[in-house]
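Below is upload_9.cif, which holds mmCIF, C-alpha atoms.
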data_coords
#
loop_
_atom_site.label_atom_id
_atom_site.label_comp_id
_atom_site.auth_asym_id
_atom_site.auth_seq_id
_atom_site.Cartn_x
_atom_site.Cartn_y
_atom_site.Cartn_z
CA MET A 27 142.08 32.48 147.56
CA LEU A 28 142.20 32.25 143.78
CA ARG A 29 140.76 34.98 141.62
CA TYR A 30 140.16 34.93 137.88
CA ILE A 31 140.24 38.49 136.57
CA TYR A 32 140.35 39.94 133.07
CA ALA A 33 142.70 42.90 132.74
CA ASN A 34 139.83 45.33 132.19
CA GLU A 35 138.33 44.30 135.55
CA LEU A 36 141.58 44.58 137.46
CA HIS A 37 140.78 48.15 138.52
CA ARG A 38 138.18 46.70 140.87
CA PHE A 39 141.07 45.12 142.80
CA PRO A 40 143.62 47.96 142.90
CA LYS A 41 145.80 46.57 145.68
CA LEU A 42 145.86 43.08 144.19
CA GLY A 43 146.67 44.38 140.71
CA HIS A 44 149.37 46.80 141.84
CA THR A 45 151.14 44.22 144.02
CA MET A 46 150.97 41.69 141.16
CA PHE A 47 152.81 44.04 138.79
CA LEU A 48 155.29 44.92 141.59
CA ASP A 49 155.99 41.24 142.23
CA ARG A 50 156.45 40.67 138.52
CA ALA A 51 159.08 43.42 138.45
CA ASP A 52 160.73 41.81 141.48
CA GLN A 53 160.77 38.35 139.92
CA PHE A 54 161.57 39.06 136.29
CA ARG A 55 163.85 42.10 136.54
CA THR A 56 165.38 42.04 140.03
CA ARG A 57 165.74 38.29 140.58
CA LEU A 58 166.01 36.91 137.03
CA GLY A 59 167.61 39.94 135.42
CA TRP A 60 165.35 39.81 132.37
CA ASP A 61 165.18 42.82 130.10
CA VAL A 62 161.60 43.72 131.00
CA HIS A 63 160.03 47.15 131.20
CA VAL A 64 159.30 48.50 134.67
CA ASP A 65 157.33 51.75 134.79
CA ALA A 66 157.57 54.74 137.15
CA ASN A 67 155.25 52.99 139.64
CA GLY A 68 157.60 50.03 139.80
CA GLU A 69 155.18 47.84 137.82
CA GLU A 70 156.35 45.36 135.20
CA ARG A 71 153.98 45.31 132.22
CA ASP A 72 154.36 44.35 128.61
CA GLY A 73 152.28 44.62 125.44
CA TYR A 74 150.37 41.44 126.18
CA ASP A 75 148.92 43.03 129.32
CA ASP A 76 147.23 45.50 126.95
CA LEU A 77 145.39 42.70 125.11
CA ASN A 78 142.98 42.13 127.99
CA PRO A 79 144.42 38.82 129.13
CA LEU A 80 142.86 36.69 131.84
CA TYR A 81 144.89 36.64 135.07
CA VAL A 82 144.68 33.89 137.61
CA ILE A 83 145.83 35.40 140.88
CA TRP A 84 146.43 33.99 144.33
CA GLU A 85 145.25 36.62 146.81
CA ASN A 86 146.82 36.61 150.25
CA PRO A 87 144.61 37.22 153.31
CA GLY A 88 145.70 40.89 153.40
CA GLY A 89 144.54 41.43 149.81
CA CYS A 90 148.03 41.37 148.34
CA HIS A 91 149.32 39.31 145.44
CA GLY A 92 150.82 35.93 146.31
CA GLY A 93 151.28 34.56 142.82
CA SER A 94 149.78 34.80 139.37
CA MET A 95 149.82 33.80 135.75
CA ARG A 96 148.42 35.25 132.55
CA PHE A 97 146.37 33.62 129.81
CA LEU A 98 145.67 34.53 126.18
CA PRO A 99 144.23 32.36 123.39
CA THR A 100 146.70 31.37 120.68
CA THR A 101 144.28 32.61 118.02
CA GLY A 102 145.56 36.14 118.71
CA PRO A 103 149.02 37.62 119.36
CA VAL A 104 150.89 35.50 121.89
CA MET A 105 154.48 35.37 123.07
CA VAL A 106 155.10 31.74 122.06
CA ASN A 107 154.33 32.59 118.44
CA ASP A 108 155.60 36.19 118.26
CA VAL A 109 158.85 35.76 120.18
CA PHE A 110 159.57 32.05 120.59
CA GLY A 111 158.24 30.62 117.32
CA HIS A 112 161.62 29.04 116.62
CA LEU A 113 161.22 26.92 119.75
CA THR A 114 157.87 25.41 118.74
CA GLY A 115 158.70 23.76 115.42
CA GLY A 116 158.99 27.04 113.55
CA SER A 117 155.30 27.61 113.32
CA PRO A 118 152.54 29.41 115.05
CA VAL A 119 150.62 27.14 117.38
CA VAL A 120 147.07 28.30 116.71
CA SER A 121 143.82 27.02 118.15
CA PRO A 122 141.04 28.40 120.33
CA LEU A 123 141.52 25.19 122.35
CA ILE A 124 145.17 26.04 123.10
CA TRP A 125 145.81 28.97 125.42
CA GLU A 126 149.13 30.54 126.25
CA CYS A 127 150.22 30.88 129.86
CA THR A 128 152.95 33.42 130.62
CA ARG A 129 154.37 35.54 133.46
CA PHE A 130 154.00 32.78 136.00
CA CYS A 131 155.05 34.72 139.06
CA LEU A 132 155.41 34.02 142.76
CA ALA A 133 155.77 36.67 145.46
CA ARG A 134 159.01 36.42 147.44
CA ASP A 135 157.19 35.29 150.55
CA ALA A 136 154.81 32.93 148.74
CA GLY A 137 154.25 29.63 150.49
CA SER A 138 154.84 26.39 148.66
CA ASN A 139 151.08 26.00 148.29
CA VAL A 140 150.71 29.05 146.03
CA ALA A 141 152.30 27.59 142.89
CA ALA A 142 150.15 24.49 143.32
CA ALA A 143 147.02 26.61 143.79
CA LEU A 144 147.75 28.41 140.52
CA MET A 145 148.10 25.11 138.71
CA LEU A 146 144.79 24.09 140.23
CA GLY A 147 143.31 27.24 138.68
CA GLY A 148 144.76 26.24 135.33
CA GLY A 149 142.98 22.93 135.65
CA GLU A 150 139.67 24.68 136.36
CA ILE A 151 140.09 26.70 133.17
CA MET A 152 140.75 23.58 131.13
CA THR A 153 137.75 21.77 132.54
CA GLY A 154 135.42 24.76 132.61
CA PHE A 155 136.16 26.11 129.14
CA GLY A 156 137.03 22.97 127.19
CA ILE A 157 140.66 24.01 126.74
CA ARG A 158 142.86 21.08 125.70
CA HIS A 159 146.39 22.45 126.10
CA PHE A 160 148.34 25.27 127.69
CA VAL A 161 151.51 26.34 126.02
CA GLY A 162 153.70 28.41 128.28
CA VAL A 163 156.86 30.43 128.56
CA PHE A 164 158.79 29.99 131.79
CA ASP A 165 162.20 30.47 133.34
CA ALA A 166 164.65 27.82 134.53
CA ARG A 167 163.78 28.29 138.19
CA MET A 168 160.15 27.39 137.50
CA VAL A 169 161.08 23.95 136.17
CA ARG A 170 162.05 22.90 139.70
CA ILE A 171 159.00 24.51 141.22
CA TYR A 172 156.65 22.83 138.76
CA ARG A 173 158.31 19.49 139.43
CA ALA A 174 157.96 19.98 143.18
CA ILE A 175 154.21 20.55 142.92
CA GLY A 176 153.76 17.55 140.64
CA SER A 177 152.80 19.43 137.50
CA SER A 178 155.80 19.45 135.23
CA PRO A 179 155.43 20.95 131.79
CA GLU A 180 156.83 19.14 128.83
CA VAL A 181 159.58 21.31 127.37
CA LEU A 182 159.24 21.95 123.63
CA GLY A 183 162.37 24.02 123.37
CA SER A 184 164.72 26.24 125.38
CA GLU A 185 167.25 28.96 124.81
CA GLY A 186 169.80 30.77 126.94
CA GLU A 187 171.87 29.46 129.81
CA GLY A 188 171.71 29.53 133.58
CA ARG A 189 169.18 31.92 135.02
CA ASP A 190 168.63 33.42 131.56
CA ARG A 191 167.33 30.11 130.29
CA ILE A 192 163.80 30.44 128.92
CA SER A 193 161.68 27.49 127.90
CA VAL A 194 158.49 26.94 125.98
CA GLY A 195 156.48 24.02 127.26
CA LEU A 196 153.14 22.30 127.45
CA TRP A 197 150.90 21.43 130.32
CA GLU A 198 148.07 19.04 130.54
CA PHE A 199 145.86 18.27 133.47
CA THR A 200 144.80 14.75 134.03
CA PRO A 201 142.32 14.14 136.86
CA GLU A 202 145.11 12.38 138.80
CA ALA A 203 147.48 15.32 138.40
CA GLN A 204 144.67 17.66 139.42
CA LYS A 205 144.09 15.68 142.61
CA LYS A 206 147.77 15.76 143.48
CA VAL A 207 148.01 19.49 142.81
CA ALA A 208 144.93 20.12 144.97
CA GLU A 209 146.60 18.30 147.86
CA ARG A 210 149.79 20.32 147.51
CA ALA A 211 147.76 23.52 147.32
CA GLY A 212 145.87 22.63 150.46
CA VAL A 213 142.66 23.55 148.67
CA SER A 214 139.77 21.14 148.30
CA PRO A 215 138.56 20.55 144.74
CA GLU A 216 135.11 21.76 145.85
CA LEU A 217 136.46 25.09 147.10
CA SER A 218 138.49 25.50 143.93
CA ARG A 219 135.37 24.99 141.82
CA LEU A 220 133.49 27.54 143.95
CA TRP A 221 136.15 30.19 143.34
CA PHE A 222 135.94 29.53 139.61
CA ALA A 223 132.14 29.68 139.63
CA ARG A 224 132.17 32.90 141.66
CA ASP A 225 134.35 34.73 139.14
CA PHE A 226 132.63 33.42 136.03
CA GLY A 227 129.06 33.87 137.22
CA GLY A 228 126.65 31.12 138.05
CA GLY A 229 124.66 32.89 140.74
CA ASN A 230 121.92 34.05 138.39
CA ARG A 231 120.45 30.73 137.37
CA SER A 232 117.19 31.17 139.26
CA LYS A 233 116.52 34.61 137.81
CA LEU A 234 116.79 33.36 134.26
CA ALA A 235 114.62 30.37 135.01
CA GLN A 236 111.90 32.59 136.51
CA THR A 237 111.74 34.82 133.50
CA GLY A 238 111.88 31.85 131.17
CA MET B 9 116.39 16.23 118.92
CA LEU B 10 118.93 18.13 120.97
CA GLY B 11 122.46 17.13 120.13
CA GLN B 12 121.41 13.96 118.35
CA MET B 13 123.90 14.23 115.53
CA GLU B 14 122.87 12.29 112.48
CA ASN B 15 126.52 11.50 111.89
CA ARG B 16 129.95 13.05 112.00
CA VAL B 17 130.27 12.84 108.21
CA ASN B 18 127.46 15.34 107.89
CA LEU B 19 129.25 17.79 110.17
CA ASP B 20 132.53 17.29 108.30
CA GLN B 21 130.73 18.01 105.05
CA ILE B 22 129.18 21.21 106.38
CA THR B 23 132.50 22.52 107.73
CA THR B 24 134.14 21.70 104.37
CA GLU B 25 131.42 23.66 102.56
CA LEU B 26 131.92 26.52 105.00
CA ASP B 27 135.66 26.53 104.38
CA ASP B 28 135.16 26.50 100.59
CA THR B 29 132.56 29.26 100.62
CA CYS B 30 133.35 32.19 98.36
CA ALA B 31 130.47 34.50 99.20
CA LEU B 32 129.29 36.09 102.40
CA GLU B 33 125.68 35.09 101.63
CA ASP B 34 126.65 31.40 101.80
CA LEU B 35 127.37 31.71 105.51
CA GLN B 36 123.62 31.81 106.07
CA ALA B 37 123.17 28.43 104.37
CA SER B 38 126.02 26.98 106.44
CA ILE B 39 124.62 28.16 109.75
CA GLU B 40 121.19 26.72 108.95
CA LYS B 41 122.73 23.34 108.15
CA LEU B 42 124.77 23.43 111.35
CA ARG B 43 121.69 24.32 113.37
CA ASP B 44 119.96 21.25 111.92
CA ALA B 45 123.00 19.02 112.42
CA PHE B 46 123.21 19.90 116.11
CA GLY B 47 119.45 19.67 116.50
CA VAL B 48 119.11 23.03 118.25
CA ASP B 49 116.50 25.79 117.81
CA HIS B 50 118.92 28.53 116.84
CA MET B 51 122.45 29.27 115.83
CA VAL B 52 123.64 32.84 115.32
CA TYR B 53 126.86 34.53 114.26
CA HIS B 54 127.08 38.20 115.16
CA TRP B 55 129.99 40.47 114.24
CA VAL B 56 130.70 43.90 115.68
CA ASP B 57 133.76 45.84 114.58
CA SER B 58 135.57 48.71 116.26
CA ALA B 59 133.50 51.23 114.27
CA GLY B 60 130.31 49.70 115.67
CA GLU B 61 129.32 48.10 112.35
CA GLN B 62 127.27 44.95 112.76
CA TYR B 63 126.91 41.95 110.54
CA GLY B 64 125.16 38.74 111.31
CA CYS B 65 123.68 35.56 110.03
CA GLY B 66 121.58 33.06 111.83
CA THR B 67 118.25 31.49 112.40
CA TYR B 68 116.42 33.91 114.69
CA ASP B 69 113.14 35.27 113.29
CA ASP B 70 113.68 38.28 111.04
CA GLU B 71 111.23 40.18 113.18
CA TRP B 72 113.43 39.63 116.24
CA VAL B 73 116.59 40.65 114.38
CA GLN B 74 114.95 43.89 113.22
CA ARG B 75 113.60 44.56 116.68
CA TYR B 76 117.04 43.96 118.19
CA LEU B 77 118.51 46.61 115.89
CA VAL B 78 115.70 49.13 116.24
CA LYS B 79 115.62 48.85 120.03
CA GLN B 80 119.43 49.03 120.14
CA TYR B 81 119.47 45.93 122.32
CA LEU B 82 123.19 45.63 121.67
CA ARG B 83 123.62 48.02 124.60
CA VAL B 84 121.65 46.02 127.14
CA ASP B 85 122.03 42.44 125.88
CA PRO B 86 123.79 40.67 128.80
CA VAL B 87 125.30 38.20 126.32
CA VAL B 88 127.09 40.99 124.48
CA VAL B 89 127.96 42.85 127.68
CA GLY B 90 129.22 39.64 129.34
CA CYS B 91 131.24 38.42 126.35
CA PHE B 92 132.72 41.66 125.03
CA GLN B 93 136.53 41.73 125.32
CA ARG B 94 136.59 38.22 126.77
CA PHE B 95 137.58 34.92 125.24
CA HIS B 96 136.01 32.17 127.32
CA PRO B 97 132.75 30.45 126.29
CA VAL B 98 129.77 31.59 128.29
CA ASP B 99 126.65 29.75 129.33
CA TRP B 100 123.82 32.28 129.50
CA LYS B 101 122.94 31.12 133.00
CA ARG B 102 126.24 32.53 134.19
CA LEU B 103 125.45 36.04 132.96
CA ASP B 104 123.94 38.84 134.97
CA TRP B 105 120.25 39.08 134.03
CA SER B 106 119.29 40.89 137.23
CA GLY B 107 118.94 44.46 135.95
CA LYS B 108 115.57 45.75 134.78
CA PRO B 109 116.67 46.46 131.16
CA ALA B 110 118.19 42.97 130.94
CA ARG B 111 115.02 41.36 132.33
CA SER B 112 112.71 43.13 129.91
CA PHE B 113 115.11 42.38 127.06
CA LEU B 114 115.00 38.69 127.95
CA ALA B 115 111.22 38.67 128.18
CA ASP B 116 111.04 40.29 124.75
CA ALA B 117 113.52 37.77 123.32
CA LEU B 118 111.56 34.81 124.65
CA ARG B 119 108.35 36.27 123.15
CA HIS B 120 110.11 36.28 119.78
CA GLY B 121 111.10 32.63 119.80
CA VAL B 122 114.51 32.82 121.45
CA GLY B 123 115.08 29.75 123.62
CA ASN B 124 115.73 29.82 127.37
CA GLN B 125 119.21 28.27 127.10
CA GLY B 126 122.22 29.75 125.39
CA TYR B 127 125.91 29.12 124.93
CA SER B 128 127.92 31.96 123.43
CA ILE B 129 131.48 31.95 122.24
CA PRO B 130 133.27 35.31 122.04
CA ILE B 131 135.82 35.68 119.28
CA ARG B 132 138.51 38.34 119.08
CA GLY B 133 139.55 39.23 115.58
CA PRO B 134 142.23 41.67 114.43
CA ASN B 135 141.96 45.44 114.97
CA GLY B 136 139.24 45.40 117.58
CA GLN B 137 136.94 43.16 115.60
CA PHE B 138 134.69 41.17 117.88
CA ALA B 139 132.20 38.45 117.13
CA LEU B 140 129.84 36.20 119.00
CA PHE B 141 128.70 32.76 118.01
CA THR B 142 125.64 31.59 119.87
CA VAL B 143 123.75 28.34 120.14
CA ASN B 144 120.27 28.73 121.53
CA HIS B 145 117.63 26.22 122.53
CA ASN B 146 114.67 25.47 124.73
CA ALA B 147 115.80 22.81 127.16
CA SER B 148 116.08 21.88 130.81
CA ASP B 149 119.25 22.85 132.66
CA GLU B 150 120.31 19.20 132.80
CA ASP B 151 119.85 18.54 129.09
CA TRP B 152 121.61 21.77 128.25
CA ALA B 153 124.56 21.04 130.51
CA ARG B 154 124.94 17.64 128.82
CA PHE B 155 124.74 19.24 125.39
CA THR B 156 127.39 21.90 126.05
CA GLU B 157 129.63 19.36 127.78
CA THR B 158 129.46 17.08 124.73
CA HIS B 159 129.66 19.65 121.96
CA GLY B 160 131.36 22.67 123.53
CA ARG B 161 134.75 22.15 121.88
CA ASP B 162 133.25 21.54 118.42
CA LEU B 163 131.17 24.68 118.81
CA ILE B 164 134.21 26.74 119.84
CA LEU B 165 136.06 25.58 116.73
CA ILE B 166 133.05 26.19 114.47
CA ALA B 167 132.64 29.68 115.94
CA HIS B 168 136.20 30.52 114.96
CA PHE B 169 135.82 28.94 111.52
CA PHE B 170 132.86 31.25 110.95
CA ASN B 171 134.73 34.33 112.03
CA ARG B 172 137.76 33.44 109.96
CA LYS B 173 135.51 33.04 106.94
CA ALA B 174 133.66 36.30 107.57
CA LEU B 175 136.98 38.15 107.88
CA GLU B 176 138.03 36.81 104.48
CA PHE B 177 135.21 38.81 102.92
CA GLU B 178 136.41 42.09 104.35
CA PRO B 179 137.50 44.34 101.50
CA GLY B 180 141.25 44.77 101.16
CA ARG B 181 142.06 42.02 103.57
CA GLN B 182 145.34 40.11 103.32
CA PRO B 183 145.24 36.31 103.25
CA GLU B 184 145.76 34.73 106.66
CA PRO B 185 149.38 33.47 106.86
CA ALA B 186 148.60 31.52 110.01
CA ARG B 187 146.69 28.96 107.97
CA ASN B 188 149.85 27.44 106.51
CA LEU B 189 150.97 24.26 108.20
CA SER B 190 154.38 24.34 109.83
CA PRO B 191 157.02 21.79 108.78
CA ARG B 192 156.34 19.82 111.98
CA GLU B 193 152.60 19.86 111.35
CA VAL B 194 153.13 18.72 107.75
CA ASP B 195 155.29 15.82 109.00
CA ALA B 196 152.72 14.82 111.60
CA MET B 197 149.76 14.96 109.24
CA THR B 198 151.66 13.11 106.49
CA LEU B 199 152.58 10.22 108.77
CA LEU B 200 149.05 10.02 110.15
CA ALA B 201 147.70 10.01 106.58
CA MET B 202 149.99 7.06 105.84
CA GLY B 203 148.22 5.13 108.56
CA TYR B 204 150.76 5.27 111.36
CA SER B 205 149.49 5.34 114.93
CA ARG B 206 150.07 8.37 117.13
CA ALA B 207 152.70 6.50 119.10
CA GLN B 208 154.55 5.60 115.90
CA VAL B 209 154.32 9.16 114.57
CA ALA B 210 155.58 10.64 117.84
CA ASP B 211 158.40 8.13 117.83
CA SER B 212 159.48 8.86 114.25
CA LEU B 213 159.44 12.61 114.89
CA SER B 214 161.27 12.17 118.22
CA ILE B 215 158.59 14.04 120.09
CA SER B 216 156.23 12.96 122.84
CA GLU B 217 152.62 12.07 122.13
CA HIS B 218 151.62 15.15 124.13
CA THR B 219 153.59 17.41 121.81
CA LEU B 220 152.16 15.56 118.83
CA ARG B 221 148.64 16.20 120.11
CA VAL B 222 149.38 19.94 120.20
CA TYR B 223 150.61 19.90 116.60
CA ILE B 224 147.53 17.94 115.53
CA GLU B 225 145.21 20.31 117.42
CA SER B 226 146.83 23.31 115.77
CA ALA B 227 146.73 21.68 112.31
CA ARG B 228 143.06 20.78 112.75
CA PHE B 229 142.23 24.39 113.43
CA LYS B 230 144.24 25.70 110.50
CA LEU B 231 142.55 23.16 108.22
CA GLY B 232 139.06 24.05 109.43
CA ALA B 233 138.41 20.53 110.67
CA LEU B 234 136.82 19.23 113.86
CA ASN B 235 138.61 15.89 113.93
CA THR B 236 141.88 14.41 112.76
CA THR B 237 140.46 12.20 110.00
CA HIS B 238 138.76 15.19 108.46
CA ALA B 239 141.88 17.32 108.90
CA ILE B 240 143.94 14.74 106.98
CA ALA B 241 141.36 14.69 104.18
CA ARG B 242 141.45 18.50 104.00
CA ALA B 243 145.25 18.60 103.98
CA LEU B 244 145.31 16.07 101.13
CA SER B 245 142.65 17.82 99.07
CA ARG B 246 144.34 21.19 99.51
CA GLY B 247 147.64 19.66 98.44
CA LEU B 248 149.33 20.56 101.74
CA ILE B 249 150.53 17.02 102.27
CA VAL B 250 151.41 14.31 99.79
CA VAL B 251 151.42 10.61 100.56
#
Take the structure I supplied and represent it as structure tokens, if you would.
Amino acid sequence: MLRYIYANELHRFPKLGHTMFLDRADQFRTRLGWDVHVDANGEERDGYDDLNPLYVIWENPGGCHGGSMRFLPTTGPVMVNDVFGHLTGGSPVVSPLIWECTRFCLARDAGSNVAAALMLGGGEIMTGFGIRHFVGVFDARMVRIYRAIGSSPEVLGSEGEGRDRISVGLWEFTPEAQKKVAERAGVSPELSRLWFARDFGGGNRSKLAQTG
Amino acid sequence: MLGQMENRVNLDQITTELDDTCALEDLQASIEKLRDAFGVDHMVYHWVDSAGEQYGCGTYDDEWVQRYLVKQYLRVDPVVVGCFQRFHPVDWKRLDWSGKPARSFLADALRHGVGNQGYSIPIRGPNGQFALFTVNHNASDEDWARFTETHGRDLILIAHFFNRKALEFEPGRQPEPARNLSPREVDAMTLLAMGYSRAQVADSLSISEHTLRVYIESARFKLGALNTTHAIARALSRGLIVV
């Protein structure tokens, strides 16, 4: 299932959080060879994890991480502006309606549905919070994966070669794309909306109405 | 009437006035005009910094504002608790009002003229600064859902315009460099100001329309505008583009 968790709530899901940071180390350092920091616990974290980002995480039946991505609004410090500004027209992209998506990660054993499920979660965020665009940083391998699930980003700029190639790109979610992604994820749009509603409240409507 | 905007021009004028404001006191006049333009009962901007200092402006009764401070409701207010350290807009219905302190706080708020519906936008500023922008009204769930669906994005932008303005009045603060348009944004806004369509602009800049939309969205925010026409007018009047 999909979970939407702010960093400061991650301690409530210790196994999920730990395995997410382990899988990030596995993907970005071991498999891609990126120069990322891995701590004594084997967890890959960077400074943006300290800014209380919102994670969208696919949780496997055993409670372990299957895949994840990380969101921050572009009104604050974000990787696309701090590190990759030269790839986005030399300027900060800044708007509360544009969020950055980074550290898109899949566990080694993740099924082909997991990437699609994460994209489905991205669509829920756009619809639920009025977000117009995601701007993301991703590696070369992800380009193929995104294409396979029918949600290709539009590349704004790239640098590096081969497996070191890093791109900055944009996603949008049309209703048609969302439907296609839901099919690939094997998750009904109704269930997806329920997961979103569960993590962002919505169960307290009657209580407020009674008091009001 | 709820959400019955008199016209967009009015809203553009108010956001221009807000952007041109040179005194903290003027924020109060802006928020009252915005409240009227959106046809809601209340609109409130509430700033809390890392030292726990509070500043606010808005349309709640003075008596309620004083009571909120005296009773230290900041600690139990589910809106503050639910929005702190977050960055997604929150409908009050989605918050946890189940605890006893929260329930008695709500009852007290309603007694003091606070409406039953709310939509709050958390804003993260620099150095642990945090602010909340809230729209409050008495309405049915259906009417409120329609209102937030229609105006949510405008309200999110306005919330950030307010915070940006409030931060400008902080003593010793540096001007915000992020408000300069990038070369790409200048090109896009200039061509739009010359009357070219989006397709033509995208074509001349050799970018897709999707990419162009991102540049326009970013430029709109930097210019303190809710729509592209207004953003172009602001860019022209501030001398950022020349046609």
Inset, instruction - Using all atoms listed in the file, find the residues of chain B whose closest atom to chain A is at most 8 Å away, then write them as a PyMOL selection string. - result: chain B and resi 93-97+101-106+111+114-115+118+124+132-134+160-161+164-165+168+186+189-192+219+222-223+225-227+229-230
Inset, instruction - Can you work out the spacing between atom CA of Val122 of chain B and atom CA of Tyr63 of chain B in Å, to one decimal? - result: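 Between these atoms lies a distance of 18.9 Å.
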Legend entry - Residues matched by the PyMOL selection byres ((chain B and resi 171) around 10) as a list in words: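 Selection result, ordered by chain and number: Tyr53, His54, Trp55, Ile131, Arg132, Gly133, Gln137, Phe138, Ala139, Leu140, Phe141, Ile166, Ala167, His168, Phe169, Phe170, Arg172, Lys173, Ala174, Leu175 and Glu176 of chain B.
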Within 9 Å of Val62 of chain A using only C-alpha atoms, minus same-chain residues under 3 positions, as a CSV table (one decimal) with C-alpha atoms, in the frame of the given file:
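Saved file selection16.csv follows:
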chain,number,residue,atom,x,y,z
A,51,ALA,CA,159.1,43.4,138.4
A,54,PHE,CA,161.6,39.1,136.3
A,55,ARG,CA,163.8,42.1,136.5
A,59,GLY,CA,167.6,39.9,135.4
A,70,GLU,CA,156.4,45.4,135.2
A,71,ARG,CA,154.0,45.3,132.2
A,72,ASP,CA,154.4,44.4,128.6
Legend entry - Selection under test: the PyMOL selection byres ((chain B and resi 201) around 9); residues as a PyMOL selection string: chain B and resi 196-200+202-204+237+240-241+244+249-251
Inset, instruction - Excluding Phe164 of chain A and any residue of its chain fewer than 3 positions from it, enumerate the residues within 9 Å of it, using only C-alpha atoms, and give them as a PyMOL selection string. - result: chain A and resi 127-130+167-169+191-195
Legend entry - Distance criterion (only C-alpha atoms): nearest to Asn146 of chain B out of B:Val209, B:Leu77, B:Ala239, B:Val48: B:Val48
Inset, instruction - Show which residues sit within 9 Å of Ala143 of chain A, as JSON, numbers by chain. Count only C-alpha atoms, and ignore same-chain residues fewer than 2 positions away. - result: {"A": [27, 28, 84, 139, 140, 141, 145, 146, 147, 148, 207, 208, 210, 211, 212, 213, 218]}
Selected residues written out with C-alpha atoms, as a PDB file, in the coordinates of the input:
ATOM      1  CA  MET A  27     142.080  32.480 147.560  1.00  0.00           C
ATOM      2  CA  LEU A  28     142.200  32.250 143.780  1.00  0.00           C
ATOM      3  CA  TRP A  84     146.430  33.990 144.330  1.00  0.00           C
ATOM      4  CA  ASN A 139     151.080  26.000 148.290  1.00  0.00           C
ATOM      5  CA  VAL A 140     150.710  29.050 146.030  1.00  0.00           C
ATOM      6  CA  ALA A 141     152.300  27.590 142.890  1.00  0.00           C
ATOM      7  CA  MET A 145     148.100  25.110 138.710  1.00  0.00           C
ATOM      8  CA  LEU A 146     144.790  24.090 140.230  1.00  0.00           C
ATOM      9  CA  GLY A 147     143.310  27.240 138.680  1.00  0.00           C
ATOM     10  CA  GLY A 148     144.760  26.240 135.330  1.00  0.00           C
ATOM     11  CA  VAL A 207     148.010  19.490 142.810  1.00  0.00           C
ATOM     12  CA  ALA A 208     144.930  20.120 144.970  1.00  0.00           C
ATOM     13  CA  ARG A 210     149.790  20.320 147.510  1.00  0.00           C
ATOM     14  CA  ALA A 211     147.760  23.520 147.320  1.00  0.00           C
ATOM     15  CA  GLY A 212     145.870  22.630 150.460  1.00  0.00           C
ATOM     16  CA  VAL A 213     142.660  23.550 148.670  1.00  0.00           C
ATOM     17  CA  SER A 218     138.490  25.500 143.930  1.00  0.00           C
TER      18      SER A 218
END
Legend entry - Straight-line distance linking atom CA of Ser138 of chain A with atom CA of Glu209 of chain A, stated in Å to one decimal: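 Separating atom CA of Ser138 of chain A from atom CA of Glu209 of chain A is a distance of 11.6 Å.
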Take segment 70-80 of chain A, model N, CA and C atoms, and hand the result over as a JSON list (two decimals), in the frame of the given file.
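To be explicit, this is the file written out as result-v9.json:
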[["chain", "number", "residue", "atom", "x", "y", "z"],
["A", 70, "GLU", "N", 155.88, 45.99, 136.44],
["A", 70, "GLU", "CA", 156.35, 45.36, 135.20],
["A", 70, "GLU", "C", 155.13, 45.01, 134.36],
["A", 71, "ARG", "N", 155.05, 45.60, 133.17],
["A", 71, "ARG", "CA", 153.98, 45.31, 132.22],
["A", 71, "ARG", "C", 154.57, 45.19, 130.83],
["A", 72, "ASP", "N", 153.94, 44.39, 130.00],
["A", 72, "ASP", "CA", 154.36, 44.35, 128.61],
["A", 72, "ASP", "C", 153.14, 44.49, 127.71],
["A", 73, "GLY", "N", 153.36, 44.40, 126.40],
["A", 73, "GLY", "CA", 152.28, 44.62, 125.44],
["A", 73, "GLY", "C", 151.13, 43.63, 125.58],
["A", 74, "TYR", "N", 151.42, 42.45, 126.07],
["A", 74, "TYR", "CA", 150.37, 41.44, 126.18],
["A", 74, "TYR", "C", 149.38, 41.77, 127.31],
["A", 75, "ASP", "N", 149.84, 42.57, 128.27],
["A", 75, "ASP", "CA", 148.92, 43.03, 129.32],
["A", 75, "ASP", "C", 147.87, 43.98, 128.75],
["A", 76, "ASP", "N", 148.18, 44.58, 127.58],
["A", 76, "ASP", "CA", 147.23, 45.50, 126.95],
["A", 76, "ASP", "C", 146.18, 44.77, 126.11],
["A", 77, "LEU", "N", 146.31, 43.45, 125.96],
["A", 77, "LEU", "CA", 145.39, 42.70, 125.11],
["A", 77, "LEU", "C", 144.24, 42.09, 125.91],
["A", 78, "ASN", "N", 144.00, 42.64, 127.07],
["A", 78, "ASN", "CA", 142.98, 42.13, 127.99],
["A", 78, "ASN", "C", 143.10, 40.64, 128.26],
["A", 79, "PRO", "N", 144.26, 40.23, 128.78],
["A", 79, "PRO", "CA", 144.42, 38.82, 129.13],
["A", 79, "PRO", "C", 143.59, 38.46, 130.36],
["A", 80, "LEU", "N", 143.50, 37.18, 130.61],
["A", 80, "LEU", "CA", 142.86, 36.69, 131.84],
["A", 80, "LEU", "C", 143.97, 36.34, 132.83]]
